file upload.tsv (TSV, C-alpha atoms)
chain	number	residue	atom	x	y	z
I	1	MET	CA	-16.13	-7.18	29.77
I	2	LEU	CA	-18.65	-9.45	31.52
I	3	GLU	CA	-21.90	-8.80	33.34
I	4	ASP	CA	-21.75	-9.77	37.06
I	5	ALA	CA	-18.43	-11.54	36.54
I	6	VAL	CA	-14.69	-10.80	36.59
I	7	VAL	CA	-11.91	-12.40	34.55
I	8	HIS	CA	-9.16	-13.29	37.03
I	9	TYR	CA	-6.67	-14.83	34.58
I	10	GLN	CA	-6.42	-15.06	30.84
I	11	ARG	CA	-4.29	-17.70	29.13
I	12	PHE	CA	-3.32	-17.78	25.49
I	13	ASN	CA	-1.79	-20.96	24.08
I	14	ASN	CA	-0.35	-20.56	20.59
I	15	ASP	CA	1.62	-23.81	20.64
I	16	VAL	CA	0.01	-25.07	17.44
I	17	PHE	CA	1.38	-28.34	16.07
I	18	ARG	CA	4.19	-27.90	13.54
I	19	GLY	CA	5.98	-30.90	12.07
I	20	ASN	CA	9.43	-29.32	12.12
I	21	GLU	CA	9.16	-28.27	15.75
I	22	TYR	CA	7.73	-31.66	16.71
I	23	PHE	CA	10.63	-33.66	15.26
I	24	LYS	CA	13.21	-31.23	16.61
I	25	GLY	CA	11.83	-32.17	20.01
I	26	LYS	CA	12.19	-35.88	19.22
I	27	ILE	CA	15.99	-35.93	19.24
I	28	GLY	CA	16.87	-39.26	20.89
I	29	ALA	CA	13.58	-40.92	19.89
I	30	TYR	CA	13.21	-43.84	17.50
I	31	VAL	CA	11.92	-42.70	14.08
I	32	TYR	CA	11.22	-44.03	10.59
I	33	VAL	CA	12.24	-42.18	7.42
I	34	ARG	CA	10.96	-43.06	3.94
I	35	VAL	CA	13.49	-42.10	1.25
I	36	HIS	CA	12.27	-41.45	-2.29
I	37	ASN	CA	12.67	-44.54	-4.51
I	38	ASP	CA	14.24	-46.37	-1.58
I	39	LYS	CA	13.25	-48.22	1.57
I	40	ILE	CA	12.22	-46.97	5.00
I	41	HIS	CA	15.24	-46.22	7.19
I	42	GLU	CA	14.83	-46.44	10.95
I	43	GLY	CA	16.93	-45.56	13.97
I	44	THR	CA	17.47	-43.08	16.75
I	45	LEU	CA	17.08	-39.46	15.63
I	46	ILE	CA	20.30	-37.61	16.48
I	47	GLU	CA	19.99	-34.57	14.19
I	48	PHE	CA	17.11	-32.76	12.48
I	49	ASN	CA	17.54	-29.51	10.54
I	50	ASN	CA	16.29	-27.82	7.37
I	51	SER	CA	18.74	-29.64	5.12
I	52	SER	CA	19.30	-33.12	6.59
I	53	ILE	CA	18.20	-35.83	9.00
I	54	SER	CA	20.74	-37.98	10.88
I	55	LEU	CA	19.94	-41.43	12.32
I	56	LYS	CA	21.90	-43.78	14.61
I	57	THR	CA	21.15	-47.35	13.51
I	58	ARG	CA	22.47	-50.55	15.00
I	59	LYS	CA	25.45	-50.57	12.64
I	60	GLU	CA	26.04	-46.98	11.52
I	61	ILE	CA	25.23	-43.28	11.65
I	62	LYS	CA	23.36	-42.21	8.54
I	63	THR	CA	22.64	-38.68	7.22
I	64	ILE	CA	19.80	-38.26	4.73
I	65	SER	CA	19.16	-35.12	2.68
I	66	ARG	CA	15.74	-33.59	3.42
I	67	ASN	CA	14.95	-33.18	-0.29
I	68	ARG	CA	15.10	-37.00	-0.68
I	69	VAL	CA	12.60	-37.68	2.11
I	70	ASP	CA	9.01	-38.62	1.19
I	71	TYR	CA	7.87	-38.74	4.81
I	72	MET	CA	8.98	-39.63	8.33
I	73	TYR	CA	7.15	-40.77	11.43
I	74	THR	CA	7.54	-42.00	14.96
I	75	ARG	CA	5.24	-44.19	17.02
I	76	ASP	CA	3.51	-41.78	19.40
I	77	SER	CA	0.12	-42.45	20.98
I	78	GLU	CA	0.44	-39.92	23.79
I	79	THR	CA	0.85	-36.57	22.04
I	80	ILE	CA	-2.42	-34.79	21.31
I	81	PRO	CA	-1.63	-32.13	18.67
I	82	GLN	CA	-3.12	-28.68	19.21
I	83	LEU	CA	-4.48	-27.58	15.86
I	84	ARG	CA	-5.57	-24.01	16.67
I	85	PRO	CA	-4.55	-21.27	19.13
I	86	GLU	CA	-6.54	-21.39	22.37
I	87	LEU	CA	-7.73	-18.56	24.60
I	88	ALA	CA	-9.04	-19.46	28.08
I	89	TRP	CA	-10.22	-17.54	31.16
I	90	ASP	CA	-10.54	-18.16	34.86
I	91	ILE	CA	-13.80	-16.37	35.74
I	92	TYR	CA	-15.15	-15.35	39.15
I	93	ILE	CA	-18.94	-15.06	39.15
I	94	SER	CA	-20.36	-12.69	41.75
I	95	LYS	CA	-23.97	-13.82	41.26
I	96	ILE	CA	-24.46	-17.44	40.32
I	97	PRO	CA	-27.49	-17.60	38.00
I	98	GLN	CA	-30.15	-20.24	38.49
I	99	THR	CA	-30.32	-20.81	34.75
I	100	GLY	CA	-29.12	-19.15	31.57
I	101	SER	CA	-25.74	-17.70	30.68
I	102	ILE	CA	-23.47	-14.71	31.35
I	103	ASN	CA	-23.19	-12.07	28.63
I	104	GLY	CA	-20.15	-10.00	27.79
I	105	ASN	CA	-18.16	-8.27	25.06
I	106	LEU	CA	-14.92	-9.70	23.68
I	107	VAL	CA	-12.47	-7.21	22.15
I	108	TYR	CA	-9.19	-8.41	20.67
I	109	LEU	CA	-6.61	-7.59	18.03
I	110	SER	CA	-6.02	-10.07	15.25
I	111	THR	CA	-3.87	-10.45	12.15
I	112	GLY	CA	-4.60	-11.78	8.71
I	113	PHE	CA	-7.02	-9.03	7.71
I	114	ASP	CA	-6.29	-5.99	5.59
I	115	TRP	CA	-7.90	-3.49	3.31
I	116	ASN	CA	-6.61	-1.09	0.71
I	117	ALA	CA	-8.27	1.69	-1.21
I	118	VAL	CA	-8.24	1.38	-5.00
I	119	TYR	CA	-9.24	4.11	-7.43
I	120	ARG	CA	-10.12	4.25	-11.11
I	121	PHE	CA	-9.75	7.68	-12.68
I	122	ILE	CA	-11.30	7.95	-16.15
I	123	LEU	CA	-9.96	10.93	-18.12
I	124	ASN	CA	-12.02	12.47	-20.90
I	125	GLY	CA	-10.56	15.74	-22.16
I	126	LYS	CA	-10.44	18.11	-19.17
I	127	LYS	CA	-13.08	16.19	-17.26
I	128	GLY	CA	-12.75	13.00	-15.27
I	129	GLU	CA	-14.69	10.44	-13.27
I	130	LEU	CA	-13.24	9.17	-9.97
I	131	ILE	CA	-14.39	5.76	-8.80
I	132	SER	CA	-13.34	4.92	-5.21
I	133	GLU	CA	-13.36	1.35	-3.92
I	134	ALA	CA	-11.86	-0.77	-1.16
I	135	VAL	CA	-10.48	-4.31	-1.41
I	136	VAL	CA	-10.93	-6.20	1.87
I	137	SER	CA	-8.86	-9.39	2.18
I	138	ASN	CA	-8.87	-12.28	4.61
I	139	SER	CA	-5.58	-14.18	4.76
I	140	SER	CA	-6.42	-15.86	8.07
I	141	ASN	CA	-7.54	-19.48	8.46
I	142	VAL	CA	-11.06	-18.52	9.55
I	143	ASP	CA	-14.22	-18.17	7.45
I	144	PHE	CA	-16.56	-15.28	8.27
I	145	THR	CA	-20.26	-15.47	7.39
I	146	GLN	CA	-22.74	-12.60	7.47
I	147	TYR	CA	-20.43	-10.10	9.18
I	148	SER	CA	-20.78	-6.35	9.12
I	149	MET	CA	-17.47	-4.55	8.84
I	150	LYS	CA	-16.00	-1.13	9.48
I	151	LEU	CA	-12.82	-0.02	7.73
I	152	VAL	CA	-10.57	2.30	9.73
I	153	GLU	CA	-8.23	4.72	7.95
I	154	GLY	CA	-5.55	6.60	9.87
I	155	ASN	CA	-2.10	6.34	11.46
I	156	LEU	CA	-1.78	4.21	14.57
I	157	GLN	CA	1.08	4.85	16.97
I	158	LYS	CA	2.66	1.66	18.30
I	159	LYS	CA	5.21	1.67	21.11
I	160	GLY	CA	8.76	1.39	19.82
I	161	THR	CA	7.84	2.05	16.19
I	162	ARG	CA	7.15	4.98	13.97
I	163	PRO	CA	3.53	5.79	13.13
I	164	GLN	CA	2.39	3.44	10.40
I	165	PRO	CA	-0.63	3.59	8.09
I	166	VAL	CA	-3.38	1.32	9.39
I	167	TYR	CA	-5.92	-0.45	7.23
I	168	ARG	CA	-8.00	-2.38	9.74
I	169	ALA	CA	-11.25	-4.28	9.29
I	170	GLU	CA	-13.39	-4.48	12.42
I	171	ALA	CA	-16.12	-7.13	12.54
I	172	ARG	CA	-19.41	-6.06	14.12
I	173	SER	CA	-22.95	-7.32	14.27
I	174	GLY	CA	-25.95	-5.80	12.50
I	175	ALA	CA	-26.69	-4.89	8.90
I	176	MET	CA	-27.43	-1.69	7.04
I	177	ALA	CA	-30.01	-1.32	4.28
I	178	TYR	CA	-28.97	-0.13	0.84
I	179	ASN	CA	-30.46	0.60	-2.56
I	180	THR	CA	-30.38	-2.61	-4.60
I	181	GLN	CA	-30.57	-0.61	-7.83
I	182	SER	CA	-26.93	0.47	-7.54
I	183	PRO	CA	-23.77	-0.90	-5.89
I	184	PRO	CA	-23.82	-0.40	-2.10
I	185	VAL	CA	-21.62	2.44	-0.86
I	186	ALA	CA	-19.84	2.66	2.50
I	187	ALA	CA	-20.97	5.28	5.02
I	188	GLU	CA	-18.06	7.56	6.00
I	189	SER	CA	-17.80	9.02	9.51
I	190	THR	CA	-15.15	10.37	11.89
I	191	LEU	CA	-14.10	8.78	15.17
I	192	GLY	CA	-11.39	10.70	17.05
I	193	ASP	CA	-8.49	11.15	14.63
I	194	PHE	CA	-9.61	8.34	12.34
I	195	HIS	CA	-12.06	7.99	9.47
I	196	ILE	CA	-14.48	5.06	9.55
I	197	PHE	CA	-16.02	3.49	6.45
I	198	SER	CA	-18.99	1.32	7.44
I	199	LEU	CA	-19.87	-1.29	4.84
I	200	PRO	CA	-23.60	-1.12	4.07
I	201	GLU	CA	-24.43	-4.82	4.25
I	202	LYS	CA	-23.34	-8.05	5.86
I	203	ILE	CA	-20.79	-9.96	3.82
I	204	ASP	CA	-19.29	-13.44	3.64
I	205	LEU	CA	-15.49	-13.46	3.63
I	206	LYS	CA	-13.85	-16.87	3.59
I	207	GLN	CA	-10.19	-17.55	4.23
I	208	ASN	CA	-7.87	-16.46	1.39
I	209	GLN	CA	-10.69	-14.45	-0.19
I	210	SER	CA	-11.07	-10.76	-0.93
I	211	VAL	CA	-14.11	-8.61	-1.64
I	212	THR	CA	-14.32	-5.24	-3.39
I	213	VAL	CA	-16.80	-2.63	-2.15
I	214	ARG	CA	-17.58	0.99	-3.08
I	215	LEU	CA	-16.30	3.70	-0.74
I	216	TYR	CA	-18.12	6.55	-2.53
I	217	GLU	CA	-20.43	7.06	-5.45
I	218	PRO	CA	-18.52	7.89	-8.68
I	219	ARG	CA	-17.67	11.62	-8.78
I	220	LYS	CA	-17.42	13.88	-11.83
I	221	VAL	CA	-14.39	16.13	-11.36
I	222	ASP	CA	-12.11	18.61	-13.09
I	223	PHE	CA	-8.35	18.11	-13.17
I	224	ASN	CA	-5.24	19.90	-14.39
I	225	ARG	CA	-2.59	18.29	-16.54
I	226	THR	CA	0.96	19.71	-16.44
I	227	PHE	CA	4.05	18.50	-18.29
I	228	VAL	CA	7.11	18.59	-16.05
I	229	PHE	CA	10.84	18.72	-16.94
I	230	LYS	CA	13.13	18.27	-13.92
I	231	ASN	CA	16.86	18.93	-13.99
I	232	SER	CA	19.79	19.69	-11.73
I	233	GLU	CA	22.70	22.08	-12.24
I	234	ARG	CA	25.02	20.67	-14.98
I	235	SER	CA	22.79	17.82	-16.19
I	236	LYS	CA	22.33	17.45	-19.95
I	237	LYS	CA	19.51	15.41	-21.44
I	238	GLU	CA	16.75	15.15	-24.01
I	239	GLU	CA	13.61	13.21	-23.09
I	240	PRO	CA	9.78	13.17	-23.05
I	241	LEU	CA	8.29	15.21	-20.24
I	242	GLN	CA	6.60	13.71	-17.21
I	243	ILE	CA	2.81	14.02	-17.05
I	244	GLU	CA	1.49	15.36	-13.75
I	245	ILE	CA	-2.24	15.30	-13.00
I	246	GLN	CA	-3.56	17.46	-10.18
I	247	LEU	CA	-6.93	16.72	-8.61
I	248	ALA	CA	-8.37	19.22	-6.10
I	249	ASN	CA	-10.23	17.53	-3.24
I	250	THR	CA	-12.68	20.41	-2.78
I	251	LYS	CA	-16.42	20.94	-2.69
I	252	GLU	CA	-16.23	23.09	-5.81
I	253	ASN	CA	-14.70	20.13	-7.63
I	254	GLY	CA	-17.37	17.67	-6.52
I	255	LEU	CA	-15.26	16.04	-3.80
I	256	ASN	CA	-14.35	17.46	-0.34
I	257	ILE	CA	-14.16	13.92	1.05
I	258	PRO	CA	-11.36	12.03	2.86
I	259	LEU	CA	-9.49	9.97	0.28
I	260	PRO	CA	-7.59	7.05	1.88
I	261	ARG	CA	-4.17	6.05	0.68
I	262	GLY	CA	-4.25	3.52	-2.15
I	263	LYS	CA	-3.50	2.63	-5.76
I	264	ILE	CA	-5.02	4.74	-8.52
I	265	SER	CA	-5.37	3.43	-12.08
I	266	LEU	CA	-5.73	5.86	-14.99
I	267	TYR	CA	-7.93	5.26	-18.02
I	268	LEU	CA	-8.47	7.32	-21.17
I	269	GLN	CA	-11.91	7.38	-22.74
I	270	SER	CA	-11.81	6.99	-26.52
I	271	PRO	CA	-14.23	8.80	-28.85
I	272	ASP	CA	-16.09	5.50	-29.34
I	273	GLY	CA	-16.65	5.26	-25.57
I	274	SER	CA	-14.15	2.49	-24.91
I	275	LEU	CA	-11.56	2.76	-22.12
I	276	GLU	CA	-7.82	2.44	-22.57
I	277	TYR	CA	-5.54	1.70	-19.62
I	278	ALA	CA	-3.04	4.57	-19.13
I	279	GLY	CA	-0.95	3.51	-16.13
I	280	GLU	CA	-1.20	3.71	-12.36
I	281	ASP	CA	0.31	5.49	-9.37
I	282	ASP	CA	0.25	5.45	-5.57
I	283	LEU	CA	-2.12	7.97	-4.02
I	284	LYS	CA	-1.23	9.22	-0.54
I	285	GLN	CA	-3.90	10.18	2.00
I	286	ILE	CA	-5.66	13.29	0.71
I	287	PRO	CA	-7.64	15.20	3.37
I	288	LYS	CA	-10.47	17.55	2.46
I	289	GLY	CA	-9.28	20.73	0.77
I	290	GLU	CA	-5.92	19.32	-0.33
I	291	THR	CA	-4.77	18.51	-3.86
I	292	ALA	CA	-3.75	15.06	-5.09
I	293	THR	CA	-0.79	14.86	-7.45
I	294	ILE	CA	-0.79	11.82	-9.75
I	295	SER	CA	2.00	10.72	-12.07
I	296	GLY	CA	0.68	9.83	-15.52
I	297	GLY	CA	3.89	8.57	-17.12
I	298	ARG	CA	5.67	10.44	-19.91
I	299	ALA	CA	4.31	12.27	-22.93
I	300	PHE	CA	5.15	11.01	-26.41
I	301	ASP	CA	4.69	14.37	-28.13
I	302	VAL	CA	6.15	16.83	-25.59
I	303	ILE	CA	9.95	16.77	-25.58
I	304	GLY	CA	12.45	18.65	-23.43
I	305	LYS	CA	16.12	19.27	-24.18
I	306	ARG	CA	18.57	20.80	-21.71
I	307	ILE	CA	21.97	22.19	-22.78
I	308	VAL	CA	24.76	23.63	-20.66
I	309	LEU	CA	26.00	26.52	-22.79
I	310	HIS	CA	28.77	27.63	-20.45
I	311	TYR	CA	30.34	26.31	-17.26
I	312	ASP	CA	33.12	27.90	-15.22
I	313	ARG	CA	34.29	26.67	-11.83
I	314	GLN	CA	36.82	28.60	-9.78
I	315	ARG	CA	38.29	27.92	-6.36
I	316	LYS	CA	35.47	29.75	-4.56
I	317	SER	CA	32.77	30.09	-7.19
I	318	GLU	CA	30.83	28.29	-9.89
I	319	GLU	CA	28.82	29.70	-12.81
I	320	ALA	CA	26.80	28.02	-15.55
I	321	SER	CA	24.54	29.19	-18.36
I	322	ILE	CA	21.62	26.91	-19.21
I	323	GLU	CA	19.36	26.60	-22.26
I	324	ILE	CA	16.14	24.53	-22.18
I	325	ILE	CA	14.03	23.87	-25.28
I	326	ILE	CA	10.47	22.52	-25.05
I	327	LYS	CA	8.80	21.20	-28.22
I	328	ASN	CA	5.07	20.51	-28.29
I	329	LYS	CA	4.08	18.19	-31.16
I	330	LYS	CA	0.51	17.83	-29.89
I	331	ASN	CA	-2.45	19.50	-31.60
I	332	THR	CA	-3.42	21.21	-28.33
I	333	ALA	CA	-1.64	23.70	-26.08
I	334	VAL	CA	0.15	22.28	-23.02
I	335	ASN	CA	1.06	23.68	-19.61
I	336	ILE	CA	4.74	23.29	-18.74
I	337	ARG	CA	6.71	23.43	-15.50
I	338	LEU	CA	10.50	23.48	-15.69
I	339	GLU	CA	12.01	22.51	-12.34
I	340	GLU	CA	15.66	23.40	-11.76
I	341	ARG	CA	17.53	22.27	-8.66
I	342	ILE	CA	20.57	24.34	-7.60
I	343	HIS	CA	22.36	23.50	-4.37
I	344	GLY	CA	24.34	25.82	-2.17
I	345	ASP	CA	24.40	29.63	-1.96
I	346	TRP	CA	23.21	30.70	-5.42
I	347	ILE	CA	21.73	33.55	-7.44
I	348	VAL	CA	20.03	33.50	-10.85
I	349	ARG	CA	20.91	36.07	-13.50
I	350	ASN	CA	19.77	36.89	-17.02
I	351	ALA	CA	16.66	34.69	-16.90
I	352	SER	CA	14.65	34.88	-20.13
I	353	ASP	CA	11.38	34.21	-18.25
I	354	ASN	CA	9.96	34.87	-14.84
I	355	TYR	CA	10.63	32.06	-12.37
I	356	ILE	CA	9.29	31.09	-8.94
I	357	LYS	CA	11.55	30.13	-6.06
I	358	LYS	CA	9.99	26.99	-4.61
I	359	ASP	CA	12.51	26.43	-1.80
I	360	ALA	CA	16.21	26.93	-0.96
I	361	SER	CA	17.36	24.68	-3.78
I	362	THR	CA	14.54	24.72	-6.37
I	363	ILE	CA	13.18	27.20	-8.88
I	364	TYR	CA	10.61	26.57	-11.60
I	365	PHE	CA	9.43	28.27	-14.77
I	366	PRO	CA	5.70	27.93	-15.52
I	367	PHE	CA	4.44	28.67	-19.03
I	368	THR	CA	2.25	27.42	-21.88
I	369	VAL	CA	3.39	26.13	-25.27
I	370	GLU	CA	0.88	26.37	-28.09
I	371	ALA	CA	-0.03	23.42	-30.32
I	372	GLY	CA	2.86	22.53	-32.64
I	373	GLY	CA	5.04	25.21	-31.06
I	374	SER	CA	8.24	25.38	-29.05
I	375	LYS	CA	9.77	27.59	-26.38
I	376	THR	CA	13.33	28.27	-25.26
I	377	VAL	CA	14.23	29.28	-21.71
I	378	THR	CA	17.70	30.49	-20.72
I	379	TYR	CA	19.25	31.56	-17.44
I	380	THR	CA	22.58	31.72	-15.62
I	381	TYR	CA	23.19	30.61	-12.06
I	382	ARG	CA	26.19	31.58	-9.92
I	383	LYS	CA	27.32	30.02	-6.62
I	384	GLU	CA	29.98	31.32	-4.25
I	385	TRP	CA	31.50	29.87	-1.08
I	386	LYS	CA	34.24	30.74	1.38
call {"tool": "encode", "arguments": {"input": "upload.tsv", "output": "structure tokens"}}
result
Amino acid sequence: MLEDAVVHYQRFNNDVFRGNEYFKGKIGAYVYVRVHNDKIHEGTLIEFNNSSISLKTRKEIKTISRNRVDYMYTRDSETIPQLRPELAWDIYISKIPQTGSINGNLVYLSTGFDWNAVYRFILNGKKGELISEAVVSNSSNVDFTQYSMKLVEGNLQKKGTRPQPVYRAEARSGAMAYNTQSPPVAAESTLGDFHIFSLPEKIDLKQNQSVTVRLYEPRKVDFNRTFVFKNSERSKKEEPLQIEIQLANTKENGLNIPLPRGKISLYLQSPDGSLEYAGEDDLKQIPKGETATISGGRAFDVIGKRIVLHYDRQRKSEEASIEIIIKNKKNTAVNIRLEERIHGDWIVRNASDNYIKKDASTIYFPFTVEAGGSKTVTYTYRKEWK
């Protein structure tokens, strides 16, 4: 967008010099090929591909393997290689200035830039500290110096494709002041259906570099830990239970902020204050008021065993009796969720505990097992069909 001027035509030339493409276009030209630990072979180039080069010499046709070639060349004083893409305009100026220049704004989409949210979640008993950061990377061939950036989080609809998560860094001018006594934190705002994280200071970002910045100040939060045992119909197994950590993104829990999709690393705080790495998981986008569910691996001291006590299948029915034993070897009580998947048209009978129907094919039993204790759950399911 120009002041007192109109762009009539825009031309983009991306025909950047590439050796492979250049020599493919030199079929029929005279070339020189240096073979490793051998002499330079010369002749008319009649074939050039990813595996071999073929030459027509005065006496023979010779094929040389590409992995034996040190280099090749041709005498060419006319070609001027284009080293970078070029964007050019034909501009009509409505008012020709006596002196000075014409101002305008250039807006364009580029590739080679990305950002991803990264989280560190430090667990200490029933309390935790959530540290939210962003890693901005530049994989382009351009260095950027003293740029302000805005990180856009959302889902961008592109024609012909499904909506995809977008992590886009937008370069802008101007800087924002920040408190030098603590790491600078991005300013979060909303624009349309997207969330914008404005970095608080100008940064240098050279090609093939990345920089890590804070999205939010560290937040003290509460979380729930549940041990989950998932099974399906006639499955039999004995294994440690999955650890599920639930984090409420609410004001009451010290959050109520948009949490972008990213990787979350878990750490346990030891009594001496040191941190121990405890695994990682992918965190989906968590809007305000929603709850994040994080997988924390499997528990060493909480074991589940599932037994099929009875199974009977008839021509139009199926019935099975199930026994599940949970053993807690920890010195603290644990919350358990048994998830049972049953497909088809089913009913549950003779359940030893109350269960919750999650959906058409899932029920679960929630309960607590005391320290050093165990609990047995039994039920029978029956399915019928026509």
call {"tool": "residues_around", "arguments": {"input": "upload.tsv", "residues": "Lys329 (chain I)", "least_positions_apart": "5", "cutoff": "8 Å", "atoms": "all atoms listed in the file", "output": "PDB file with C-alpha atoms, in the frame of the given file"}}
result
ATOM      1  CA  ASP I 301       4.690  14.370 -28.130  1.00  0.00           C
ATOM      2  CA  VAL I 302       6.150  16.830 -25.590  1.00  0.00           C
ATOM      3  CA  ALA I 371      -0.030  23.420 -30.320  1.00  0.00           C
ATOM      4  CA  GLY I 372       2.860  22.530 -32.640  1.00  0.00           C
ATOM      5  CA  GLY I 373       5.040  25.210 -31.060  1.00  0.00           C
TER       6      GLY I 373
END
call {"tool": "residues_around", "arguments": {"input": "upload.tsv", "residues": "region 346-353 of chain I", "least_positions_apart": "5", "cutoff": "8 Å", "atoms": "all atoms listed in the file", "output": "ChimeraX atom specification"}}
result
/I:365,377-384
call {"tool": "closest_residue", "arguments": {"input": "upload.tsv", "among": "I:Ile286, I:Leu205, I:Leu199, I:Leu338", "to": "Ser140 (chain I)", "atoms": "only C-alpha atoms"}}
result
I:Leu205
call {"tool": "closest_residue", "arguments": {"input": "upload.tsv", "among": "I:Gly296, I:Arg18, I:Ala186, I:Leu83", "to": "Tyr277 (chain I)", "atoms": "all atoms listed in the file"}}
result
I:Gly296
call {"tool": "closest_residue", "arguments": {"input": "upload.tsv", "among": "I:Thr190, I:Asn49, I:Asn116, I:Ser94", "to": "Arg261 (chain I)", "atoms": "all atoms listed in the file"}}
result
I:Asn116
call {"tool": "atom_distance", "arguments": {"input": "upload.tsv", "atom1": "CA of Phe223 (chain I)", "atom2": "CA of Gly304 (chain I)"}}
result
23.2 Å
call {"tool": "residues_around", "arguments": {"input": "upload.tsv", "residues": "Val334 (chain I)", "least_positions_apart": "6", "cutoff": "9 Å", "atoms": "only C-alpha atoms", "output": "list in words"}}
result
Arg225, Thr226, Phe227, Val302, Asn328, Phe367, Thr368, Val369, Glu370 and Ala371 of chain I
call {"tool": "atom_distance", "arguments": {"input": "upload.tsv", "atom1": "CA of Lys220 (chain I)", "atom2": "CA of Gly192 (chain I)"}}
result
29.7 Å
call {"tool": "residues_near_point", "arguments": {"input": "upload.tsv", "point": "(-16.3, 7.2, -11.8)", "cutoff": "9 Å", "atoms": "only C-alpha atoms", "output": "ChimeraX atom specification"}}
result
/I:119-122,128-132,217-220
call {"tool": "write_last_selection", "arguments": {"input": "upload.tsv", "atoms": "C-alpha atoms", "output": "mmCIF file, in the coordinates of the input"}}
result
data_model
loop_
_atom_site.group_PDB
_atom_site.id
_atom_site.type_symbol
_atom_site.label_atom_id
_atom_site.label_comp_id
_atom_site.auth_asym_id
_atom_site.auth_seq_id
_atom_site.Cartn_x
_atom_site.Cartn_y
_atom_site.Cartn_z
ATOM 1 C CA TYR I 119 -9.240 4.110 -7.430
ATOM 2 C CA ARG I 120 -10.120 4.250 -11.110
ATOM 3 C CA PHE I 121 -9.750 7.680 -12.680
ATOM 4 C CA ILE I 122 -11.300 7.950 -16.150
ATOM 5 C CA GLY I 128 -12.750 13.000 -15.270
ATOM 6 C CA GLU I 129 -14.690 10.440 -13.270
ATOM 7 C CA LEU I 130 -13.240 9.170 -9.970
ATOM 8 C CA ILE I 131 -14.390 5.760 -8.800
ATOM 9 C CA SER I 132 -13.340 4.920 -5.210
ATOM 10 C CA GLU I 217 -20.430 7.060 -5.450
ATOM 11 C CA PRO I 218 -18.520 7.890 -8.680
ATOM 12 C CA ARG I 219 -17.670 11.620 -8.780
ATOM 13 C CA LYS I 220 -17.420 13.880 -11.830
#
call {"tool": "residues_around", "arguments": {"input": "upload.tsv", "residues": "Phe194 (chain I)", "least_positions_apart": "2", "cutoff": "7 Å", "atoms": "all atoms listed in the file", "output": "list of chain:residue names"}}
result
I:Val152, I:Glu153, I:Gly154, I:Thr190, I:Leu191, I:Gly192, I:Ile196
call {"tool": "write_last_selection", "arguments": {"input": "upload.tsv", "atoms": "C-alpha atoms", "output": "PDB file, in the coordinates of the input"}}
result
ATOM      1  CA  VAL I 152     -10.570   2.300   9.730  1.00  0.00           C
ATOM      2  CA  GLU I 153      -8.230   4.720   7.950  1.00  0.00           C
ATOM      3  CA  GLY I 154      -5.550   6.600   9.870  1.00  0.00           C
ATOM      4  CA  THR I 190     -15.150  10.370  11.890  1.00  0.00           C
ATOM      5  CA  LEU I 191     -14.100   8.780  15.170  1.00  0.00           C
ATOM      6  CA  GLY I 192     -11.390  10.700  17.050  1.00  0.00           C
ATOM      7  CA  ILE I 196     -14.480   5.060   9.550  1.00  0.00           C
TER       8      ILE I 196
END
call {"tool": "closest_residue", "arguments": {"input": "upload.tsv", "among": "I:Arg306, I:Lys24, I:Lys202, I:Arg341", "to": "Lys237 (chain I)", "atoms": "only C-alpha atoms"}}
result
I:Arg306
call {"tool": "atom_distance", "arguments": {"input": "upload.tsv", "atom1": "CA of Val6 (chain I)", "atom2": "CA of Ile93 (chain I)"}}
result
6.5 Å
